[in-house]
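Structure record follows, encoded as C-alpha cells.
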Amino acid sequence: MNQSGWGRRFCSLLALGSMVCVMVSGCGSGAGAKQAEVGDSTKEAQQTLGKSNIDTATFLKFVDDNPDIVDPQCTSDFYTIPMNCFDRLVEVKANDDGTSQIVPSLAKSYEVSKDGLTYTFHLNQGVKFSNGADLTSSDVLYTFNRLLTYPKSVNGSIASGLKGAKEVSEGKQKSLEGTGIKIIDDHTFEMILEQPYAAFLAQLTAPGASILDEKTTEEAGDQFGIDPEKTIGTGPFVFSSWTFNSELILSANKNCWSGAPACDGLDIKVVPDDETQRMMYENGEIDFLDLDNAQSQIDYFLKSDQYKNQIVEGTRVGIYYISLNEDIKPLDNPKVRKALQMALDRKSILDAVYGGRGQVENGILPHGLIGYNPNLPEIKYDVEGAKQLLKDAGYADGFDLELDLSSKDDQSGKDLLEIASAMWEQIGVKCTVKTVDDATIQDQKHDGKLGCYQSSWSADFNDPDNFMFTFFGNDANTKFRSLNYKNEDAMQRVTAARAITDETKRIQEYQDLEKLIAQEDAAWIPLFSKQHLYVVSPKVSGFKVSWNGWSNNYYHNVSVKR
C-alpha cells in the first residue's frame with residue numbers, strides 16, 4: 001500500500017499527532033543512570049531558598065522541568081542550571097548549516113599528543129566564579145576527582161577514562177593528581193587517558209563536566225545544587241532563588257568572563273499542566289513555550305493563524321527505533337529482521353503519530369550528530385521484497401511477534417506500535433501489543449530478555465561514540481538494550497574505533513559500521529528523529545534551539561523587551 005493509503009487508513013490517528021513522546025535523554029554513563037537521591041528538605045513544596053525579592057520585569061520567563069537537584073554532577077536530566085550557571089572546558093557550537101563543532105571555552109586552547117593520550121589545556125586567565133574566586137587548574141582537578149568520588153554523582157563516566165580513575169573511584173587512590181591530571185601551573189594542566197579515546201573532548205562538553213569552585217563546593221556539602229547561594233559557577237547567570245515545585249530565578253552575572261548576558265535574568269516556572277502553559281503564553285505570563293513540555297498543545301499553535309509564525313524549531317539530536325532481540329526466534333535470522341525493516345512505511349508512521357515533524361533515519365547516527373552520513377542508503381518501504389525475504393528465510397506464512405509497551409509510554413508510543421503491527425500484518429507477521437509495568441520492562445530489558453519495543457536515544461555529547469558504543473560496543477551493552485547483537489567482529493571494530501586518532505578515518509569507520517550493523521545485519525529498525533518546537537514571543541530576540549538531544553537551552557544571547 002502506498003504512503004497516501006496508509007495516511008487514509010490511519011487518519012484517525014493524525015489528531016493524536018500532538019501527543020509527542022518526550023525523548024528519553026541518554027545519560028553520561030550511557031546506560032541507565034538514575035537521578036540522584038536528595039534529602040527530604042528538597043521535597044517540601046513551596047519552600048524557598050536564596051534571594052526571592054528580585055524584580056523580574058525584564059527577566060526572560062518560561063516553563064521548564066521540576067528538578068530535585070541541580071548539581072551538574074548529580075543530574076542526568078535537568079540541565080538548565082548547569083548549562084547557564086556553569087561552564088565547561090570546551091563547548092559545542094551549532095553552525096547555521098546544521099553541523100556543529102567543539103570550540104574552546106574555559107580552556108582558551110588545548111593540544112592533543114600524537115598518541116591521543118595526553119590533552120594539555122590552557123585556561124583563560126582572569127576567569128572568576130560568581131562569588132569572586134579565581135578559576136585555577138586545581139578547580140579542574142577537584143571537579144574530576146569529585147565526579148569519581150561524590151556518592152551522589154551520576155556522571156562519573158566522564159572521568160572514567162582518565163589514568164588512575166578506577167583506583168580513585170574504588171578508594172585505592174585519593175586523587176587523580178599525578179596520574180590522570182598533572183597540574184603544570186595555575187592555568188595549565190594535562191589530562192592523561194588510560195588509552196586513546198577520540199570522543200574525550202566531546203564528552204567534556206556535557207553538562208556533567210561543568211567546572212566547580214573547590215572551596216565553596218566543599219563548604220556547601222550536600223547543599224550544593226540545592227541551596228542557590230551555595231551553588232556557584234562561572235556562567236553568565238547566577239542561581240538566585242528556588243521555590244520548590246514552583247519557580248527558579250537566575251539573575252545575570254554582569255561580570256561574567258565571557259560577557260554579561262543579553263537579558264537581566266531567567267524566571268523559570270514549574271507548571272505541569274499543558275493547558276495552563278498555553279494560557280500563560282497567550283496571557284504574556286511567559287515569553288516562550290517548549291512544546292515538548294506541552295505536547296497536547298502542538299497542533300493548537302501550529303494551526304493558529306496568530307501563533308504559527310512564532311514557531312521556532314530545531315533538530316533534536318536523537319533517534320527513535322524499534323529493537324530486535326536476536327535471542328528470540330526468528331529474529332535471530334537477518335533476513336527476517338531485514339523484512340521487518342522493509343515492511344514499515346516509516347514516513348507514514350512519522351506523519352500519523354507526530355504530524356511529520358521530523359525526518360526519517362536510516363541508520364544509527366541521526367541528523368545533527370557529528371558523523372551523520374547524508375549518503376547512507378535509504379531503507380526502502382517494499383512489502384513484496386519483505387515477503388520474499390520471509391519466504392527465503394523459511395517463514396512464507398509469517399510468524400507471531402509480541403511487542404512490549406511500557407506502562408509509562410504515552411498514547412503516541414502505543415499508536416506507533418499499533419501502526420507498525422498493521423503494516424507487519426501485510427507480510428504475515430501477527431503482532432500482539434502487550435502493556436507491561438515499566439519496572440518489569442526495565443528489568444527484562446537490562447537482562448537481555450525483553451522482546452521488541454520502541455524507544456529513543458538522545459545525544460549526551462556530540463559524537464558517534466555516544467550512539468555506536470552505547471548500543472553496539474560489546475556484548476554487555478547490546479544485552480543491556482535487549483538487542484543481543486551477535487556480530488562479534490563488528491562490535492570489536494566499534495570498540496577499536498574509539499581509539500582512532502585520525503578524525504577522517506574514525507568517522508569513515510563509524511559510517512562503514514553503521515551501514516553494516518543497521519542495514520546489512522538489520523540489528524534494529526531505525527525510525528526517525530524529531531523536530532524540537534518552541535513558541536517564541538515577538539518580544540524575544542536571539543533565541544536558538546540548542547544542538548543537543550535534551551530540552552534545555554543556553555540563554556546567554558537571548559533578550560526580551562517589555
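We label chains A, B, ... in the order they appear in the C-alpha cells, count residues from 1 in each chain, and number ligands from 1 in the order shown.
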Go through stretch 353-417 of chain A and flag each residue having an atom no more than 10 Å from stretch 87-102 of chain A; for those, report the closest pair of atoms plus their distance in Å to one decimal, using only C-alpha atoms, ordered by chain and rising number, as a tab-separated table.
residue	atom	partner	partner_atom	distance
A:His367	CA	A:Gly98	CA	8.4
A:Gly368	CA	A:Thr99	CA	5.9
A:Leu369	CA	A:Thr99	CA	7.5
A:Ile370	CA	A:Ser100	CA	6.9
A:Gly371	CA	A:Thr99	CA	9.7
A:Tyr372	CA	A:Thr99	CA	9.3
Query raised in the report: Using only C-alpha atoms, which residues sit within 12 Å of A:Gln444 once same-chain residues fewer than 3 positions away are excluded, as a list in words?
Result: Asn325, Asp404, Ser406, Val436, Asp437, Asp438, Ala439, Thr440, Ile441, Asp447, Gly448, Lys449, Leu450, Gly451, Cys452, Tyr453, Lys479, Phe480, Arg481, Ser482 and Leu483 of chain A
Requested in this report: Do a neighbour search on stretch 375-392 of chain A at 7 Å with only C-alpha atoms, toss out local chain neighbours closer than 4 positions, and write the hits as a PyMOL selection string.
Outcome: chain A and resi 335-336+339+342-345+362+396+427
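Reported to one decimal place, the separation of atom CA of A:Ala209 from atom CA of A:Ser169 is 16.4 Å.
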Requested in this report: Please report, as a PyMOL selection string, each residue of stretch 68-201 of chain A to which DSSP assigns strand (DSSP E or B) when run on this structure's backbone.
Outcome: chain A and resi 90-94+100-104+107-112+118-123+128+134+162+177+181-185+188-193
Selection to disk with N, CA and C atoms, as a short mmCIF file (atom, residue, chain, number, x, y, z; two decimals), in the first residue's frame:
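Wrote it out as out.cif, contents follow:
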data_model
loop_
_atom_site.label_atom_id
_atom_site.label_comp_id
_atom_site.auth_asym_id
_atom_site.auth_seq_id
_atom_site.Cartn_x
_atom_site.Cartn_y
_atom_site.Cartn_z
N VAL A 90 35.41 23.00 27.26
CA VAL A 90 35.08 23.19 25.85
C VAL A 90 33.57 23.09 25.70
N GLU A 91 33.05 23.62 24.61
CA GLU A 91 31.61 23.60 24.36
C GLU A 91 31.35 23.16 22.93
N VAL A 92 30.09 22.91 22.62
CA VAL A 92 29.67 22.61 21.25
C VAL A 92 29.03 23.86 20.67
N LYS A 93 29.46 24.22 19.48
CA LYS A 93 28.88 25.35 18.76
C LYS A 93 28.08 24.82 17.58
N ALA A 94 26.81 25.22 17.51
CA ALA A 94 25.96 24.82 16.39
C ALA A 94 26.14 25.80 15.24
N SER A 100 27.87 20.99 13.60
CA SER A 100 28.34 21.54 14.87
C SER A 100 29.82 21.24 15.04
N GLN A 101 30.45 21.93 15.96
CA GLN A 101 31.87 21.73 16.21
C GLN A 101 32.20 22.02 17.67
N ILE A 102 33.30 21.45 18.13
CA ILE A 102 33.77 21.68 19.50
C ILE A 102 34.68 22.90 19.50
N VAL A 103 34.41 23.83 20.41
CA VAL A 103 35.17 25.08 20.47
C VAL A 103 35.67 25.30 21.90
N PRO A 104 36.77 26.07 22.07
CA PRO A 104 37.28 26.37 23.41
C PRO A 104 36.27 27.15 24.25
N ALA A 107 38.80 26.69 28.78
CA ALA A 107 40.14 26.46 28.22
C ALA A 107 40.24 27.27 26.92
N LYS A 108 41.14 28.23 26.88
CA LYS A 108 41.27 29.05 25.67
C LYS A 108 41.91 28.28 24.52
N SER A 109 42.66 27.23 24.86
CA SER A 109 43.28 26.40 23.83
C SER A 109 43.66 25.06 24.44
N TYR A 110 43.97 24.12 23.57
CA TYR A 110 44.40 22.79 24.03
C TYR A 110 45.18 22.12 22.92
N GLU A 111 46.03 21.18 23.31
CA GLU A 111 46.77 20.36 22.36
C GLU A 111 46.58 18.89 22.72
N VAL A 112 46.59 18.05 21.71
CA VAL A 112 46.46 16.61 21.92
C VAL A 112 47.72 15.93 21.40
N THR A 118 47.43 12.28 25.82
CA THR A 118 47.62 13.45 26.67
C THR A 118 46.99 14.69 26.05
N TYR A 119 46.11 15.33 26.84
CA TYR A 119 45.45 16.57 26.43
C TYR A 119 45.98 17.69 27.33
N THR A 120 46.62 18.68 26.74
CA THR A 120 47.15 19.81 27.50
C THR A 120 46.22 21.00 27.33
N PHE A 121 45.69 21.50 28.44
CA PHE A 121 44.73 22.60 28.41
C PHE A 121 45.36 23.87 28.98
N HIS A 122 44.98 25.00 28.38
CA HIS A 122 45.43 26.31 28.85
C HIS A 122 44.18 27.13 29.19
N LEU A 123 43.98 27.40 30.48
CA LEU A 123 42.79 28.13 30.92
C LEU A 123 42.89 29.61 30.56
N LYS A 128 36.62 34.29 36.75
CA LYS A 128 36.21 34.23 38.15
C LYS A 128 34.87 33.53 38.28
N ASP A 134 38.94 33.01 41.93
CA ASP A 134 39.62 32.78 40.66
C ASP A 134 39.53 31.32 40.25
N LEU A 162 40.23 8.55 32.45
CA LEU A 162 41.50 9.12 32.90
C LEU A 162 42.35 8.07 33.61
N GLU A 177 45.55 13.40 40.79
CA GLU A 177 46.75 14.21 40.63
C GLU A 177 47.98 13.32 40.46
N ILE A 181 45.58 13.55 35.97
CA ILE A 181 45.69 15.00 35.80
C ILE A 181 47.01 15.48 36.41
N LYS A 182 47.77 16.22 35.63
CA LYS A 182 49.02 16.80 36.11
C LYS A 182 48.94 18.32 35.99
N ILE A 183 49.02 18.99 37.14
CA ILE A 183 48.96 20.45 37.16
C ILE A 183 50.35 21.02 36.88
N ILE A 184 50.43 21.83 35.85
CA ILE A 184 51.70 22.47 35.49
C ILE A 184 51.82 23.83 36.15
N ASP A 185 50.74 24.62 36.10
CA ASP A 185 50.67 25.88 36.84
C ASP A 185 49.19 26.21 37.01
N THR A 188 47.51 25.95 33.52
CA THR A 188 47.91 24.92 32.57
C THR A 188 47.90 23.55 33.26
N PHE A 189 47.34 22.57 32.62
CA PHE A 189 47.31 21.23 33.18
C PHE A 189 47.19 20.21 32.06
N GLU A 190 47.55 18.99 32.37
CA GLU A 190 47.43 17.88 31.43
C GLU A 190 46.39 16.89 31.94
N MET A 191 45.64 16.33 31.02
CA MET A 191 44.73 15.23 31.33
C MET A 191 45.22 14.03 30.54
N ILE A 192 45.53 12.94 31.27
CA ILE A 192 46.14 11.76 30.65
C ILE A 192 45.15 10.60 30.67
N LEU A 193 44.90 10.04 29.51
CA LEU A 193 43.96 8.93 29.39
C LEU A 193 44.66 7.59 29.57
#
Restrict the calculation to only C-alpha atoms, then for each residue of stretch 101-129 of chain A with any atom at most 10 Å from an atom of stretch 491-504 of chain A give the closest atom pair and their distance in Å to one decimal, rows by chain and rising residue number, as JSON lines.
{"residue": "A:Val112", "atom": "CA", "partner": "A:Thr501", "partner_atom": "CA", "distance": 9.7}
{"residue": "A:Ser113", "atom": "CA", "partner": "A:Thr501", "partner_atom": "CA", "distance": 9.8}
{"residue": "A:Lys114", "atom": "CA", "partner": "A:Thr501", "partner_atom": "CA", "distance": 7.9}
{"residue": "A:Asp115", "atom": "CA", "partner": "A:Thr501", "partner_atom": "CA", "distance": 7.5}
{"residue": "A:Gly116", "atom": "CA", "partner": "A:Thr501", "partner_atom": "CA", "distance": 6.1}
{"residue": "A:Leu117", "atom": "CA", "partner": "A:Ala499", "partner_atom": "CA", "distance": 9.5}
Query raised in the report: Using only C-alpha atoms, which residues sit within 9 Å of A:Pro526 once same-chain residues fewer than 5 positions away are excluded, as a list in words?
Result: Ile319, Tyr320, Tyr321, Ile322, Ser323, Gln341, Arg346, Val360, Glu361, Asn362, Gly363, Ile364 and Ala518 of chain A
Since we have the selection now, will you write its residues out, keeping all heavy atoms, as a compact mmCIF listing (two decimals), in the first residue's frame?
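Heads up, here's the output in out_36.txt:
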# COMPACT_ATOMS: atom_id res chain seq x y z
N ILE A 319 17.38 9.60 18.11
CA ILE A 319 16.74 8.69 17.16
C ILE A 319 15.71 7.81 17.86
O ILE A 319 15.93 7.34 18.99
CB ILE A 319 17.80 7.81 16.45
CG1 ILE A 319 17.18 7.01 15.31
CG2 ILE A 319 18.54 6.91 17.44
CD1 ILE A 319 18.21 6.34 14.41
N TYR A 320 14.56 7.63 17.23
CA TYR A 320 13.57 6.64 17.64
C TYR A 320 13.87 5.34 16.88
O TYR A 320 14.27 5.37 15.71
CB TYR A 320 12.17 7.12 17.30
CG TYR A 320 11.61 8.10 18.31
CD1 TYR A 320 12.04 9.42 18.32
CD2 TYR A 320 10.66 7.70 19.24
CE1 TYR A 320 11.54 10.32 19.24
CE2 TYR A 320 10.15 8.59 20.17
CZ TYR A 320 10.59 9.90 20.17
OH TYR A 320 10.10 10.79 21.09
N TYR A 321 13.65 4.23 17.55
CA TYR A 321 13.96 2.94 16.93
C TYR A 321 13.05 1.86 17.50
O TYR A 321 12.40 2.05 18.54
CB TYR A 321 15.43 2.57 17.19
CG TYR A 321 15.75 2.38 18.66
CD1 TYR A 321 15.64 1.13 19.28
CD2 TYR A 321 16.16 3.46 19.44
CE1 TYR A 321 15.93 0.96 20.62
CE2 TYR A 321 16.45 3.30 20.78
CZ TYR A 321 16.34 2.06 21.37
OH TYR A 321 16.61 1.89 22.71
N ILE A 322 12.99 0.72 16.82
CA ILE A 322 12.34 -0.48 17.34
C ILE A 322 13.42 -1.53 17.51
O ILE A 322 14.20 -1.80 16.60
CB ILE A 322 11.24 -1.00 16.39
CG1 ILE A 322 10.09 0.01 16.32
CG2 ILE A 322 10.72 -2.36 16.87
CD1 ILE A 322 8.98 -0.38 15.37
N SER A 323 13.49 -2.10 18.70
CA SER A 323 14.52 -3.09 18.99
C SER A 323 14.15 -4.44 18.38
O SER A 323 12.98 -4.75 18.17
CB SER A 323 14.67 -3.27 20.50
OG SER A 323 13.56 -3.99 21.03
N GLN A 341 12.22 -4.51 8.70
CA GLN A 341 12.61 -3.15 8.34
C GLN A 341 11.86 -2.68 7.10
O GLN A 341 11.26 -1.60 7.08
CB GLN A 341 14.12 -3.07 8.06
CG GLN A 341 15.03 -2.97 9.27
CD GLN A 341 16.47 -2.70 8.85
OE1 GLN A 341 16.83 -2.80 7.67
NE2 GLN A 341 17.31 -2.37 9.81
N ARG A 346 7.98 4.08 7.26
CA ARG A 346 8.35 4.90 8.42
C ARG A 346 7.93 6.35 8.28
O ARG A 346 7.60 7.01 9.26
CB ARG A 346 9.87 4.78 8.66
CG ARG A 346 10.28 3.35 9.04
CD ARG A 346 11.77 3.13 9.00
NE ARG A 346 12.29 3.34 7.66
CZ ARG A 346 13.47 3.91 7.39
NH1 ARG A 346 14.24 4.31 8.38
NH2 ARG A 346 13.87 4.07 6.15
N VAL A 360 13.01 10.94 8.61
CA VAL A 360 13.28 9.50 8.67
C VAL A 360 14.78 9.28 8.78
O VAL A 360 15.57 9.97 8.12
CB VAL A 360 12.71 8.80 7.43
CG1 VAL A 360 13.18 7.35 7.37
CG2 VAL A 360 11.18 8.88 7.44
N GLU A 361 15.19 8.34 9.62
CA GLU A 361 16.60 7.98 9.78
C GLU A 361 16.82 6.58 9.22
O GLU A 361 15.94 5.72 9.32
CB GLU A 361 17.02 8.02 11.25
CG GLU A 361 16.81 9.38 11.93
CD GLU A 361 17.80 10.44 11.47
OE1 GLU A 361 18.71 10.10 10.68
OE2 GLU A 361 17.67 11.60 11.90
N ASN A 362 18.00 6.35 8.66
CA ASN A 362 18.29 5.07 8.00
C ASN A 362 19.40 4.27 8.67
O ASN A 362 19.81 3.23 8.13
CB ASN A 362 18.63 5.31 6.54
CG ASN A 362 17.43 5.77 5.74
OD1 ASN A 362 16.46 5.04 5.59
ND2 ASN A 362 17.48 7.00 5.25
N GLY A 363 19.88 4.74 9.82
CA GLY A 363 20.99 4.02 10.44
C GLY A 363 20.98 4.14 11.95
O GLY A 363 20.01 3.80 12.62
N ILE A 364 22.08 4.64 12.48
CA ILE A 364 22.26 4.76 13.93
C ILE A 364 22.56 6.20 14.31
O ILE A 364 22.11 6.69 15.36
CB ILE A 364 23.42 3.85 14.40
CG1 ILE A 364 23.12 2.39 14.06
CG2 ILE A 364 23.67 3.99 15.90
CD1 ILE A 364 24.31 1.45 14.22
N ALA A 518 23.27 -1.56 10.95
CA ALA A 518 21.87 -1.18 10.84
C ALA A 518 21.21 -1.66 9.56
O ALA A 518 19.99 -1.92 9.56
CB ALA A 518 21.73 0.34 10.94
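You can rank A:Cys85, A:Leu266, A:Leu176, A:Ile158 by their closest distance to A:Leu141 using only C-alpha atoms, and at the top of that list sits A:Leu176.
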**Report entry** Nearby residues (only C-alpha atoms) at most 12 Å from stretch 251-258 of chain A, same-chain spacing under 4 positions excluded, as an MDAnalysis selection string
**Finding:** chainID A and resid 50:61 81 84:87 104:108 123:132 134:135 228:229 232:242 262:268 555:559
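Using only C-alpha atoms for every distance, the candidate list A:Ile69, A:Leu291, A:Leu248, A:Met468 yields A:Met468 as the residue closest to A:Ala199.
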